[in-house]
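Single-structure report; data block below.
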Amino acid sequence: MPGVTPKQSDTYFCMSMRLPTDEEAFVIDFKPRASMDTVHHMLLFGCNMPSSTGSYWFCDEGTCTDKANILYAWARNAPPTRLPKGVGFRVGGETGNKYFVLQVHYGDISAFRDNHKDCSGVSLHLTRLPQPLIAGMYLMMSVDTVIPAGEKVVNSDISCHYKKYPMHVFAYRVHTHHLGKVVSGYRVRNGQWTLIGRQSPQLPQAFYPVEHPVDVSFGDILAARCVFTGEGRTEATHIGGTSSDEMCNLYIMYYMEAKHAVSFMTCTQNIAPDMFRTIPPEANIPIPVKSDMVMMHGHHKETESKDKTSLLQQPKREEEEVLEQDFHVEEALDWPGVYLLPGQVSGVALDPKNNLVIFHRGDHVWDGNSFDSKFVYQQRGLGPIEEDTILVIDPNNAAVLQSSGKNLFYLPHGLSVDKDGNYWVTDVALHQVFKLDPNKQGPLLILGKSMQPGSDQNHFCQPTDVAVDPDTGSIFVSDGYCNSRIMQFSPSGKFITQWGEESSGRNPTPGQFSVPHSLALVPHLGQLCVADRENGRIQCFKTDTKEFVREIKHASFGRNVFAVSYIPGLLFAVNGKPYFGDQEPVQGFVMNFSSGEIIDIFKPVRKHFDMPHDIAACEDGTVYVGDAHTNTVWKFTSTEKMEHRSVKKAGIEVQEIKDSKAVVETKTENNPASSELQKMQEKQKLIKEPDSGVPVVLITTLLVIPVVVLLAIAIFIRWKKSRAFGADSERKLETSSGRVLGKLRGKGSGGLNLGNFFASHKGYSRKGFDRLSTEGSDQEKDEDDGSESEEEYSAPLPAPTPSSS
């Protein structure tokens with residue numbers, strides 16, 4: 001999507017992209033770039049003319065003006081679809097589709113309270129190499145099922161005769177809404193039922209591989225059954241396009257021999273209802289689904305409040321490859337902020353302009369002499385920190401844009417910034433929480449009693465962090481080193497409630513803490529996640545009921561989790577230094593928030609983590625980490641686009657593969673301001689054909705010119721020296737020339753390598769000069785592609801003591 005913000009639930013946006021070539025091509029791989037946090041499902045179609053010329057449109061206007069062939073479907077962080085080798089969807093040419101159209105269904109839009117722009121989409125791998133086997137989609141769907149209110153079991157049956165050349169089924173996908181319990185598909189031949197696939201539609205609605213290959217031949221019958229329940233409904237439910245309606249869809253992905261291939265077929269009837277008397281019993285048995293694996297569908301009126309904060313979990317089956325989010329962060333080596341070197345960095349955050357805000361301790365240090373056994377600060381005589389403790393840093397050049405906070409704090413700790421740009425900080429020496437306006441002198445609000453540790457409603461004991469709900473203004477405080485609780489206050493600072501207790505034993509239970517050290521709000525799910533530092537885990541709770549939702553704990557965390565940060569779809573964390581004998585290094589983690597699985601681990605290149613104390617993530621994938629021991633702040637940036645709502649790629653990303661197994665990369669960004677299909681087509685005309693020869697000429701020229709120039713210089717030097725010193729200089733000159741040409745050839749190389757030559761000179765990089773690898777199959781490069789999609793079919797279509805910090 002080219003940066004869209006749905007304004008109401010059950011919004012369907014569509015967008016289109018023209019193929020980057022008019023020649024016949026083949027789609028050989030798909031990769032979804034979306035998250036269950038924002039997108040209910042996506043459908044990708046092929047057609048010859050989109051229904052609209054806009055950059056995107058409401059799918060109510062239609063998908064295509066001609067026949068739309070479904071190529072791909074995704075829902076809820078599904079694993080990627082893998083096409084068998086030699087299989088591809090045929091597009092382009094005289095008979096193939098000229099456009100991709102993507103439909104995205106936004107079921108529940110609570111994630112869009114902040115009015116962010118969504119760029120979910122699909123990556124496609126495209127090749128011009130003819131594929132011997134052509135993929136297609138067979139859609140079985142019910143159009144007339146009615147589910148009576150309160151009915152315990154309702155079956156929806158579909159069946160059709162197959163009257164085409166043989167097709168070979170390799171994957172399937174089921175789809176219903178909230179009431180679906182199980183969907184099963186079969187091939188019926190001579191009265192014998194052969195299972196194609198059976199799955200709960202409440203699990204991630206991926207394309208799953210068939211357990212055993214199934215071939216379907218002329219004369220066979222394809223049959224499907226969806227099992228629903230009407231329990232909990234107060235009125236009958238019909239087949240329809242909204243999430244309060246229902247659907248019964250079975251997608252069968254197949255391949256056929258290229259000469260007989262049919263790309264899209266449908267079945268919307270039940271030609272043999274009596275046949276279902278002999279359907280295998282398994283088709284009527286719901287598949288058990290754990291509550292933490294249930295897919296969240298668009299909300300029904302009677303279940304809206306219940307579903308709103310439900311945990312979204314993705315199951316991981318041994319035979320499946322769970323979706324890998326192509327999100328990797330690396331240190332931004334050109335960012336000079338690593339050399340700022342303030343005092344001990346205790347907090348980092350981002351203001352509403354995405355400037356970095358740093359909270360540091362100046363010349364004060366937290367060490368073994370800072371507190372007595374009753375947690376009273378012992379170095380009060382030093383006075384407050386005399387320098388500005390809050391720095392606003394330009395995220396690009398690390399220039400200090402603003403500073404404040406002098407003569408206020410003794411031992412700064414936690415920092416957060418609310419939606420209005422106010423700073424919320426904690427001081428473990430003062431045992432207080434402060435609300436500060438960066439443009440005004442003095443605190444706007446102070447919680448706690450100065451220098452007085454305590455455990456009642458009016459006192460803190462070394463509070464660690466603050467989080468402010470952007471919707472309600474509620475203030476959450478993690479308290480702290482000597483209390484093991486989370487406290488909630490009203491926007492004006494009035495105590496509301498608290499929860500949590502000190503851990504007991506080696507296996508702490510939910511709600512027990514050992515230094516709740518950092519907080520991260522997940523506003524659209526109504527959750528608050530806590531870095532339970534000394535227990536080495538993250539605990540998440542509902543902000544309204546304080547009910548425990550789940551624990552995230554990995555062996556690679558080691559014994560400590562110091563800080564957490566959330567952006568839609570992703571959770572970031574940093575751990576602590578390993579204890580003696582422990583193997584887990586200190587590092588940063590990126591996790592899929594829905595599943596809790598680690599999808600990336602990162603460390604700095606310049607310097608090293610010693611005590612990474614706080615972490616802050618931006619929706620563009622930038623991550624900042626502040627270290628309290630090295631007095632350093634690092635900036636990390638994403639090297640791949642994120643597969644959730646903050647992805648900045650628009651719609652469909654096409655990776656085009658040339659016949660010669662080299663790669664052509666075309667970038668076609670869908671401009672939200674452009675609304676004419678003709679402009680998109682004009683962009684496509686600017687893309688060079690892979691066999692144009694221009695790149696070859698250009699590369700040859702770039703390689704030859706430096707060689708000619710260097711040879712000319714060498715000959716000129718030789719000529720000058722021979723004139724100046726006579727024949728005795730010839731041998732020395734040959735040696736010197738050999739050294740020059742040796743650098744050009746590179747170590748142990750018989751060929752020219754400009755990368756080695758330039759890399760040997762200060763200030764030059766190898767980038768752009770490394771040899772192109774041609775190993776393996778077709779090389780691939782990305783090509784950005786806009787696309788939009790339609791809703792699912794609802795009618796026929798054609799231990800140790802905590803260290804101080």
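Letters A, B, ... mark the chains of the structure tokens in the order given; residue numbers begin at 1 per chain; ligand numbers begin at 1, in order shown.
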
Determine which residues of stretch 109-287 of chain A receive a DSSP assignment of strand (DSSP E), computed from the backbone, and state them as a CSV table (one decimal) with N, CA, C and O atoms, in the first residue's frame.
chain,number,residue,atom,x,y,z
A,121,GLY,N,2.4,-5.1,1.9
A,121,GLY,CA,2.4,-5.6,0.5
A,121,GLY,C,3.0,-7.0,0.4
A,121,GLY,O,3.1,-7.7,1.3
A,122,VAL,N,3.4,-7.3,-0.9
A,122,VAL,CA,3.9,-8.6,-1.2
A,122,VAL,C,5.2,-8.4,-2.1
A,122,VAL,O,5.2,-7.6,-3.0
A,123,SER,N,6.2,-9.2,-1.8
A,123,SER,CA,7.4,-9.3,-2.7
A,123,SER,C,7.2,-10.5,-3.7
A,123,SER,O,6.8,-11.6,-3.2
A,124,LEU,N,7.5,-10.2,-4.9
A,124,LEU,CA,7.4,-11.3,-5.9
A,124,LEU,C,8.8,-11.5,-6.6
A,124,LEU,O,9.5,-10.5,-6.8
A,125,HIS,N,9.1,-12.7,-6.9
A,125,HIS,CA,10.3,-13.0,-7.7
A,125,HIS,C,9.8,-13.4,-9.1
A,125,HIS,O,9.0,-14.3,-9.3
A,126,LEU,N,10.4,-12.6,-10.1
A,126,LEU,CA,9.9,-12.7,-11.4
A,126,LEU,C,11.1,-13.1,-12.3
A,126,LEU,O,12.2,-12.6,-12.2
A,127,THR,N,10.8,-14.1,-13.2
A,127,THR,CA,11.9,-14.5,-14.2
A,127,THR,C,11.3,-14.6,-15.6
A,127,THR,O,10.1,-14.9,-15.7
A,133,LEU,N,6.4,-26.1,-15.7
A,133,LEU,CA,5.1,-26.4,-15.0
A,133,LEU,C,4.5,-25.0,-14.6
A,133,LEU,O,5.2,-24.2,-14.1
A,134,ILE,N,3.2,-24.9,-14.9
A,134,ILE,CA,2.6,-23.6,-14.6
A,134,ILE,C,1.6,-23.7,-13.4
A,134,ILE,O,0.8,-24.7,-13.3
A,135,ALA,N,1.8,-22.8,-12.5
A,135,ALA,CA,0.9,-22.8,-11.3
A,135,ALA,C,-0.4,-22.2,-11.5
A,135,ALA,O,-0.6,-21.3,-12.4
A,136,GLY,N,-1.4,-22.6,-10.7
A,136,GLY,CA,-2.7,-22.0,-10.8
A,136,GLY,C,-3.4,-22.1,-9.5
A,136,GLY,O,-2.9,-22.7,-8.5
A,137,MET,N,-4.6,-21.6,-9.4
A,137,MET,CA,-5.4,-21.5,-8.2
A,137,MET,C,-6.8,-22.1,-8.5
A,137,MET,O,-7.5,-21.6,-9.4
A,138,TYR,N,-7.3,-23.0,-7.7
A,138,TYR,CA,-8.6,-23.5,-7.7
A,138,TYR,C,-9.3,-23.1,-6.5
A,138,TYR,O,-8.9,-23.5,-5.4
A,139,LEU,N,-10.3,-22.3,-6.6
A,139,LEU,CA,-11.0,-21.7,-5.5
A,139,LEU,C,-12.4,-22.4,-5.3
A,139,LEU,O,-13.2,-22.4,-6.2
A,140,MET,N,-12.6,-23.0,-4.1
A,140,MET,CA,-13.9,-23.6,-3.8
A,140,MET,C,-14.5,-22.7,-2.7
A,140,MET,O,-13.8,-22.4,-1.7
A,141,MET,N,-15.7,-22.3,-2.9
A,141,MET,CA,-16.3,-21.4,-2.0
A,141,MET,C,-17.8,-21.6,-1.9
A,141,MET,O,-18.5,-21.8,-3.0
A,146,VAL,N,-26.1,-20.4,5.4
A,146,VAL,CA,-26.7,-19.6,6.5
A,146,VAL,C,-26.5,-20.4,7.8
A,146,VAL,O,-26.7,-21.6,7.9
A,147,ILE,N,-25.9,-19.7,8.8
A,147,ILE,CA,-25.6,-20.2,10.1
A,147,ILE,C,-26.6,-19.7,11.1
A,147,ILE,O,-26.6,-18.6,11.5
A,154,VAL,N,-22.9,-26.4,12.1
A,154,VAL,CA,-23.5,-26.2,10.8
A,154,VAL,C,-22.4,-26.5,9.7
A,154,VAL,O,-21.3,-26.1,9.8
A,155,ASN,N,-22.8,-27.4,8.8
A,155,ASN,CA,-21.9,-27.8,7.7
A,155,ASN,C,-22.2,-27.1,6.5
A,155,ASN,O,-23.4,-26.9,6.1
A,156,SER,N,-21.2,-26.6,5.8
A,156,SER,CA,-21.3,-26.0,4.5
A,156,SER,C,-20.5,-26.8,3.5
A,156,SER,O,-19.2,-26.9,3.6
A,157,ASP,N,-21.1,-27.4,2.5
A,157,ASP,CA,-20.5,-28.4,1.6
A,157,ASP,C,-20.4,-27.8,0.2
A,157,ASP,O,-21.3,-27.1,-0.3
A,158,ILE,N,-19.3,-28.1,-0.5
A,158,ILE,CA,-19.1,-27.7,-1.9
A,158,ILE,C,-18.5,-28.8,-2.7
A,158,ILE,O,-17.7,-29.6,-2.1
A,159,SER,N,-19.0,-29.0,-3.9
A,159,SER,CA,-18.4,-30.1,-4.7
A,159,SER,C,-18.6,-29.8,-6.2
A,159,SER,O,-19.6,-29.2,-6.6
A,160,CYS,N,-17.7,-30.2,-7.0
A,160,CYS,CA,-17.7,-30.0,-8.5
A,160,CYS,C,-17.0,-31.1,-9.2
A,160,CYS,O,-16.0,-31.6,-8.7
A,161,HIS,N,-17.5,-31.4,-10.4
A,161,HIS,CA,-16.7,-32.3,-11.3
A,161,HIS,C,-15.5,-31.6,-11.9
A,161,HIS,O,-15.6,-30.4,-12.2
A,167,MET,N,-4.1,-32.0,-12.9
A,167,MET,CA,-3.5,-31.0,-12.1
A,167,MET,C,-2.9,-31.7,-10.9
A,167,MET,O,-3.4,-32.7,-10.4
A,168,HIS,N,-1.8,-31.1,-10.4
A,168,HIS,CA,-1.1,-31.7,-9.2
A,168,HIS,C,-1.1,-30.7,-8.1
A,168,HIS,O,-0.5,-29.6,-8.2
A,169,VAL,N,-1.8,-31.0,-7.0
A,169,VAL,CA,-2.0,-30.1,-5.9
A,169,VAL,C,-0.7,-30.2,-5.0
A,169,VAL,O,-0.3,-31.3,-4.6
A,170,PHE,N,-0.2,-29.0,-4.6
A,170,PHE,CA,0.9,-29.0,-3.7
A,170,PHE,C,0.8,-28.1,-2.5
A,170,PHE,O,1.6,-28.1,-1.6
A,171,ALA,N,-0.3,-27.3,-2.5
A,171,ALA,CA,-0.5,-26.4,-1.3
A,171,ALA,C,-2.0,-26.1,-1.2
A,171,ALA,O,-2.7,-26.2,-2.2
A,172,TYR,N,-2.4,-25.7,0.0
A,172,TYR,CA,-3.8,-25.3,0.2
A,172,TYR,C,-3.9,-24.3,1.3
A,172,TYR,O,-3.0,-24.1,2.1
A,173,ARG,N,-5.0,-23.6,1.3
A,173,ARG,CA,-5.3,-22.6,2.3
A,173,ARG,C,-6.8,-22.5,2.6
A,173,ARG,O,-7.6,-22.6,1.7
A,174,VAL,N,-7.1,-22.4,3.9
A,174,VAL,CA,-8.5,-22.3,4.3
A,174,VAL,C,-8.8,-20.9,4.8
A,174,VAL,O,-7.9,-20.2,5.2
A,175,HIS,N,-10.1,-20.5,4.6
A,175,HIS,CA,-10.5,-19.2,5.1
A,175,HIS,C,-11.9,-19.2,5.6
A,175,HIS,O,-12.8,-19.6,4.8
A,180,GLY,N,-15.9,-20.2,12.0
A,180,GLY,CA,-15.3,-21.5,11.4
A,180,GLY,C,-14.5,-22.3,12.4
A,180,GLY,O,-13.7,-21.8,13.1
A,181,LYS,N,-14.7,-23.6,12.4
A,181,LYS,CA,-14.0,-24.5,13.2
A,181,LYS,C,-13.0,-25.4,12.5
A,181,LYS,O,-11.9,-25.6,13.0
A,182,VAL,N,-13.4,-25.8,11.3
A,182,VAL,CA,-12.4,-26.7,10.6
A,182,VAL,C,-12.9,-26.6,9.1
A,182,VAL,O,-14.1,-26.5,8.8
A,183,VAL,N,-11.9,-26.6,8.2
A,183,VAL,CA,-12.2,-26.7,6.7
A,183,VAL,C,-11.4,-27.8,6.2
A,183,VAL,O,-10.2,-28.0,6.4
A,184,SER,N,-12.0,-28.7,5.4
A,184,SER,CA,-11.4,-29.9,4.8
A,184,SER,C,-11.6,-29.9,3.3
A,184,SER,O,-12.7,-29.6,2.9
A,185,GLY,N,-10.6,-30.4,2.6
A,185,GLY,CA,-10.8,-30.5,1.1
A,185,GLY,C,-10.3,-31.9,0.7
A,185,GLY,O,-9.4,-32.5,1.2
A,186,TYR,N,-11.1,-32.5,-0.3
A,186,TYR,CA,-10.8,-33.8,-0.8
A,186,TYR,C,-10.9,-34.0,-2.3
A,186,TYR,O,-11.6,-33.2,-3.0
A,187,ARG,N,-10.2,-35.0,-2.8
A,187,ARG,CA,-10.4,-35.5,-4.1
A,187,ARG,C,-11.2,-36.8,-4.0
A,187,ARG,O,-10.8,-37.7,-3.2
A,188,VAL,N,-12.3,-36.9,-4.7
A,188,VAL,CA,-13.2,-38.1,-4.6
A,188,VAL,C,-13.1,-38.8,-6.0
A,188,VAL,O,-13.4,-38.3,-7.0
A,189,ARG,N,-12.6,-40.0,-6.0
A,189,ARG,CA,-12.4,-40.8,-7.2
A,189,ARG,C,-12.9,-42.2,-7.0
A,189,ARG,O,-12.4,-42.9,-6.1
A,192,GLN,N,-13.8,-43.1,-3.5
A,192,GLN,CA,-12.7,-43.0,-2.5
A,192,GLN,C,-12.3,-41.6,-2.2
A,192,GLN,O,-12.1,-40.8,-3.1
A,193,TRP,N,-12.3,-41.2,-0.9
A,193,TRP,CA,-12.0,-39.9,-0.5
A,193,TRP,C,-10.5,-39.8,-0.2
A,193,TRP,O,-10.0,-40.5,0.6
A,194,THR,N,-9.8,-38.9,-0.9
A,194,THR,CA,-8.4,-38.6,-0.6
A,194,THR,C,-8.2,-37.2,-0.1
A,194,THR,O,-8.6,-36.2,-0.7
A,195,LEU,N,-7.6,-37.1,1.1
A,195,LEU,CA,-7.5,-35.8,1.7
A,195,LEU,C,-6.5,-34.9,1.0
A,195,LEU,O,-5.3,-35.3,0.7
A,196,ILE,N,-6.9,-33.7,0.6
A,196,ILE,CA,-6.0,-32.6,0.1
A,196,ILE,C,-5.4,-31.8,1.3
A,196,ILE,O,-4.2,-31.6,1.3
A,197,GLY,N,-6.3,-31.4,2.1
A,197,GLY,CA,-5.8,-30.6,3.3
A,197,GLY,C,-6.9,-30.4,4.3
A,197,GLY,O,-8.1,-30.3,3.9
A,198,ARG,N,-6.6,-30.3,5.5
A,198,ARG,CA,-7.5,-30.0,6.6
A,198,ARG,C,-6.9,-29.1,7.6
A,198,ARG,O,-5.8,-29.4,8.1
A,199,GLN,N,-7.6,-28.0,8.0
A,199,GLN,CA,-6.9,-27.1,8.9
A,199,GLN,C,-8.0,-26.2,9.6
A,199,GLN,O,-9.1,-26.1,9.1
A,208,TYR,N,-0.5,-24.0,3.2
A,208,TYR,CA,0.3,-25.1,3.8
A,208,TYR,C,0.5,-26.2,2.8
A,208,TYR,O,-0.4,-26.4,1.9
A,209,PRO,N,1.7,-26.8,2.8
A,209,PRO,CA,1.9,-27.9,1.8
A,209,PRO,C,1.1,-29.1,2.1
A,209,PRO,O,0.8,-29.4,3.3
A,210,VAL,N,0.6,-29.8,1.1
A,210,VAL,CA,-0.2,-31.0,1.3
A,210,VAL,C,0.7,-32.1,1.9
A,210,VAL,O,2.0,-32.1,1.6
A,211,GLU,N,0.1,-32.9,2.7
A,211,GLU,CA,0.9,-33.9,3.4
A,211,GLU,C,1.5,-34.9,2.4
A,211,GLU,O,2.6,-35.4,2.5
A,212,HIS,N,0.6,-35.3,1.4
A,212,HIS,CA,1.0,-36.2,0.4
A,212,HIS,C,0.6,-35.6,-1.0
A,212,HIS,O,-0.5,-35.1,-1.0
A,213,PRO,N,1.4,-35.7,-2.0
A,213,PRO,CA,1.0,-35.1,-3.3
A,213,PRO,C,-0.3,-35.7,-3.8
A,213,PRO,O,-0.6,-36.9,-3.6
A,214,VAL,N,-1.2,-34.9,-4.3
A,214,VAL,CA,-2.5,-35.3,-4.8
A,214,VAL,C,-2.6,-34.9,-6.3
A,214,VAL,O,-2.5,-33.7,-6.6
A,215,ASP,N,-2.9,-35.8,-7.1
A,215,ASP,CA,-3.2,-35.5,-8.5
A,215,ASP,C,-4.7,-35.6,-8.8
A,215,ASP,O,-5.4,-36.4,-8.2
A,216,VAL,N,-5.2,-34.6,-9.6
A,216,VAL,CA,-6.7,-34.6,-9.9
A,216,VAL,C,-6.8,-34.7,-11.4
A,216,VAL,O,-6.2,-34.0,-12.1
A,221,ILE,N,-14.0,-35.8,-8.6
A,221,ILE,CA,-14.8,-34.7,-7.9
A,221,ILE,C,-14.0,-34.1,-6.9
A,221,ILE,O,-13.3,-34.8,-6.1
A,222,LEU,N,-14.0,-32.8,-6.8
A,222,LEU,CA,-13.4,-32.0,-5.8
A,222,LEU,C,-14.5,-31.6,-4.8
A,222,LEU,O,-15.5,-31.1,-5.1
A,223,ALA,N,-14.2,-31.9,-3.5
A,223,ALA,CA,-15.2,-31.7,-2.4
A,223,ALA,C,-14.6,-31.0,-1.3
A,223,ALA,O,-13.4,-31.2,-0.9
A,224,ALA,N,-15.3,-30.1,-0.6
A,224,ALA,CA,-14.8,-29.4,0.6
A,224,ALA,C,-16.0,-29.2,1.5
A,224,ALA,O,-17.2,-29.1,1.2
A,225,ARG,N,-15.6,-29.2,2.8
A,225,ARG,CA,-16.6,-28.9,3.9
A,225,ARG,C,-16.1,-27.9,4.9
A,225,ARG,O,-14.9,-28.1,5.3
A,226,CYS,N,-16.9,-26.9,5.2
A,226,CYS,CA,-16.6,-26.0,6.3
A,226,CYS,C,-17.5,-26.3,7.5
A,226,CYS,O,-18.7,-26.4,7.2
A,227,VAL,N,-17.0,-26.4,8.7
A,227,VAL,CA,-17.8,-26.6,9.8
A,227,VAL,C,-17.9,-25.4,10.7
A,227,VAL,O,-16.8,-24.8,11.0
A,228,PHE,N,-19.1,-24.9,10.9
A,228,PHE,CA,-19.3,-23.6,11.7
A,228,PHE,C,-20.1,-23.9,12.9
A,228,PHE,O,-20.7,-25.0,13.1
A,237,THR,N,-26.2,-15.8,10.7
A,237,THR,CA,-25.0,-15.3,10.0
A,237,THR,C,-25.0,-15.8,8.6
A,237,THR,O,-25.2,-17.0,8.3
A,238,HIS,N,-24.8,-14.9,7.6
A,238,HIS,CA,-24.8,-15.2,6.2
A,238,HIS,C,-23.4,-15.1,5.6
A,238,HIS,O,-22.5,-14.5,6.2
A,249,ASN,N,-14.1,-20.7,2.3
A,249,ASN,CA,-13.2,-20.7,1.1
A,249,ASN,C,-12.1,-21.7,1.3
A,249,ASN,O,-11.5,-21.8,2.4
A,250,LEU,N,-11.9,-22.5,0.3
A,250,LEU,CA,-10.7,-23.4,0.2
A,250,LEU,C,-9.9,-23.1,-1.0
A,250,LEU,O,-10.5,-23.2,-2.2
A,251,TYR,N,-8.7,-22.6,-0.9
A,251,TYR,CA,-7.8,-22.3,-2.0
A,251,TYR,C,-6.9,-23.5,-2.2
A,251,TYR,O,-6.2,-24.0,-1.3
A,252,ILE,N,-6.9,-24.0,-3.5
A,252,ILE,CA,-6.1,-25.2,-3.8
A,252,ILE,C,-5.0,-24.7,-4.8
A,252,ILE,O,-5.4,-24.2,-5.9
A,253,MET,N,-3.8,-24.7,-4.4
A,253,MET,CA,-2.7,-24.3,-5.4
A,253,MET,C,-2.1,-25.5,-6.0
A,253,MET,O,-1.8,-26.5,-5.4
A,254,TYR,N,-2.1,-25.5,-7.4
A,254,TYR,CA,-1.7,-26.6,-8.1
A,254,TYR,C,-0.7,-26.2,-9.2
A,254,TYR,O,-0.5,-25.0,-9.5
A,255,TYR,N,-0.2,-27.2,-9.9
A,255,TYR,CA,0.6,-27.0,-11.2
A,255,TYR,C,0.1,-28.0,-12.2
A,255,TYR,O,-0.3,-29.1,-12.0
A,256,MET,N,0.3,-27.5,-13.5
A,256,MET,CA,-0.1,-28.3,-14.7
A,256,MET,C,1.0,-28.2,-15.7
A,256,MET,O,1.9,-27.3,-15.6
A,257,GLU,N,1.1,-29.2,-16.6
A,257,GLU,CA,2.0,-29.0,-17.7
A,257,GLU,C,1.8,-27.7,-18.5
A,257,GLU,O,0.6,-27.3,-18.7
A,264,PHE,N,-6.7,-20.3,-13.5
A,264,PHE,CA,-7.6,-20.1,-12.4
A,264,PHE,C,-8.9,-20.8,-12.6
A,264,PHE,O,-9.5,-20.8,-13.8
A,265,MET,N,-9.4,-21.5,-11.6
A,265,MET,CA,-10.7,-22.2,-11.7
A,265,MET,C,-11.5,-22.1,-10.4
A,265,MET,O,-10.9,-21.8,-9.4
A,266,THR,N,-12.8,-22.1,-10.5
A,266,THR,CA,-13.6,-21.9,-9.3
A,266,THR,C,-14.7,-23.0,-9.2
A,266,THR,O,-15.1,-23.6,-10.2
A,267,CYS,N,-15.2,-23.2,-8.0
A,267,CYS,CA,-16.3,-24.1,-7.8
A,267,CYS,C,-17.1,-23.5,-6.7
A,267,CYS,O,-16.7,-23.3,-5.6

Leaving out stretch 469-474 of chain A and any residue of its chain fewer than 5 positions from it, which residues lie within 9 Å of it when counting only C-alpha atoms, given as a PyMOL selection string? chain A and resi 113-114+418-420+488-493+521-523+543

Output file for the residues above (N, CA and C atoms, as a short mmCIF file (atom, residue, chain, number, x, y, z; two decimals), in the first residue's frame):
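Generated output (again-v4.cif):
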data_model
loop_
_atom_site.label_atom_id
_atom_site.label_comp_id
_atom_site.auth_asym_id
_atom_site.auth_seq_id
_atom_site.Cartn_x
_atom_site.Cartn_y
_atom_site.Cartn_z
N ARG A 113 -4.83 4.24 15.63
CA ARG A 113 -5.22 5.39 16.44
C ARG A 113 -4.25 6.55 16.29
N ASP A 114 -2.99 6.21 15.99
CA ASP A 114 -2.00 7.27 15.84
C ASP A 114 -1.94 7.83 14.42
N ASP A 418 6.07 11.53 26.13
CA ASP A 418 4.68 11.27 25.79
C ASP A 418 4.33 11.88 24.44
N LYS A 419 3.10 11.68 23.99
CA LYS A 419 2.69 12.11 22.65
C LYS A 419 2.73 13.62 22.49
N ASP A 420 2.70 14.37 23.60
CA ASP A 420 2.75 15.83 23.53
C ASP A 420 4.17 16.36 23.63
N GLN A 488 0.06 2.63 38.90
CA GLN A 488 -0.69 3.40 37.92
C GLN A 488 -1.25 4.66 38.58
N PHE A 489 -1.09 5.79 37.87
CA PHE A 489 -1.59 7.07 38.34
C PHE A 489 -2.46 7.70 37.27
N SER A 490 -3.34 8.58 37.68
CA SER A 490 -4.15 9.33 36.72
C SER A 490 -3.27 10.38 36.04
N PRO A 491 -3.76 11.01 34.97
CA PRO A 491 -2.96 12.04 34.29
C PRO A 491 -2.56 13.18 35.22
N SER A 492 -3.32 13.41 36.27
CA SER A 492 -2.98 14.49 37.21
C SER A 492 -2.07 14.01 38.33
N GLY A 493 -1.76 12.72 38.37
CA GLY A 493 -0.85 12.19 39.37
C GLY A 493 -1.51 11.53 40.56
N LEU A 521 4.73 0.32 26.24
CA LEU A 521 3.29 0.25 26.01
C LEU A 521 3.01 -0.28 24.61
N VAL A 522 1.95 -1.07 24.51
CA VAL A 522 1.43 -1.55 23.22
C VAL A 522 0.00 -1.02 23.15
N PRO A 523 -0.16 0.25 22.77
CA PRO A 523 -1.46 0.92 22.93
C PRO A 523 -2.62 0.25 22.20
N THR A 543 -3.61 -3.34 30.28
CA THR A 543 -3.56 -2.06 31.00
C THR A 543 -4.85 -1.76 31.74
#

Atom CA of A:Val365 to atom CA of A:Tyr481, distance in Å rounded to a single decimal: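 Between atom CA of A:Val365 and atom CA of A:Tyr481 the gap is 16.6 Å.
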
Near-A:Gly569 list (7 Å; only C-alpha atoms; drop same-chain fewer than 6 positions) as a short mmCIF file (atom, residue, chain, number, x, y, z; two decimals) with N, CA and C atoms, in the first residue's frame:
data_model
loop_
_atom_site.label_atom_id
_atom_site.label_comp_id
_atom_site.auth_asym_id
_atom_site.auth_seq_id
_atom_site.Cartn_x
_atom_site.Cartn_y
_atom_site.Cartn_z
N SER A 35 1.76 -7.63 8.75
CA SER A 35 1.68 -8.17 10.10
C SER A 35 0.23 -8.26 10.54
N ASP A 37 -0.84 -7.38 13.21
CA ASP A 37 -1.19 -6.23 14.04
C ASP A 37 -2.04 -5.22 13.28
N ASN A 592 9.40 -10.76 16.87
CA ASN A 592 8.04 -10.65 16.35
C ASN A 592 7.12 -10.56 17.55
N PHE A 593 6.44 -9.43 17.71
CA PHE A 593 5.64 -9.27 18.92
C PHE A 593 4.52 -10.29 19.01
N SER A 594 3.94 -10.63 17.88
CA SER A 594 2.80 -11.56 17.90
C SER A 594 3.19 -12.94 18.39
N HIS A 644 5.83 -5.12 8.51
CA HIS A 644 4.65 -4.77 9.30
C HIS A 644 4.30 -3.35 8.96
#

As an exercise, work out the distance from atom CA of A:Thr229 to atom CA of A:Pro148 in Å and give it to one decimal place. 8.5 Å

Two-atom distance - atom CA of A:Glu584, atom CA of A:Ala617 (Å):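 Straight-line distance from atom CA of A:Glu584 to atom CA of A:Ala617 works out to 22.9 Å.
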
List every residue of stretch 52-165 of chain A that DSSP, applied to the backbone, labels as helix (DSSP H, G or I), and write the result as a VMD selection string. chain A and resid 59 to 61 110 to 112

Of A:Thr38, A:Thr21, A:Ser595, A:Thr65, the one sitting nearest A:Glu94 when using only C-alpha atoms is A:Thr21
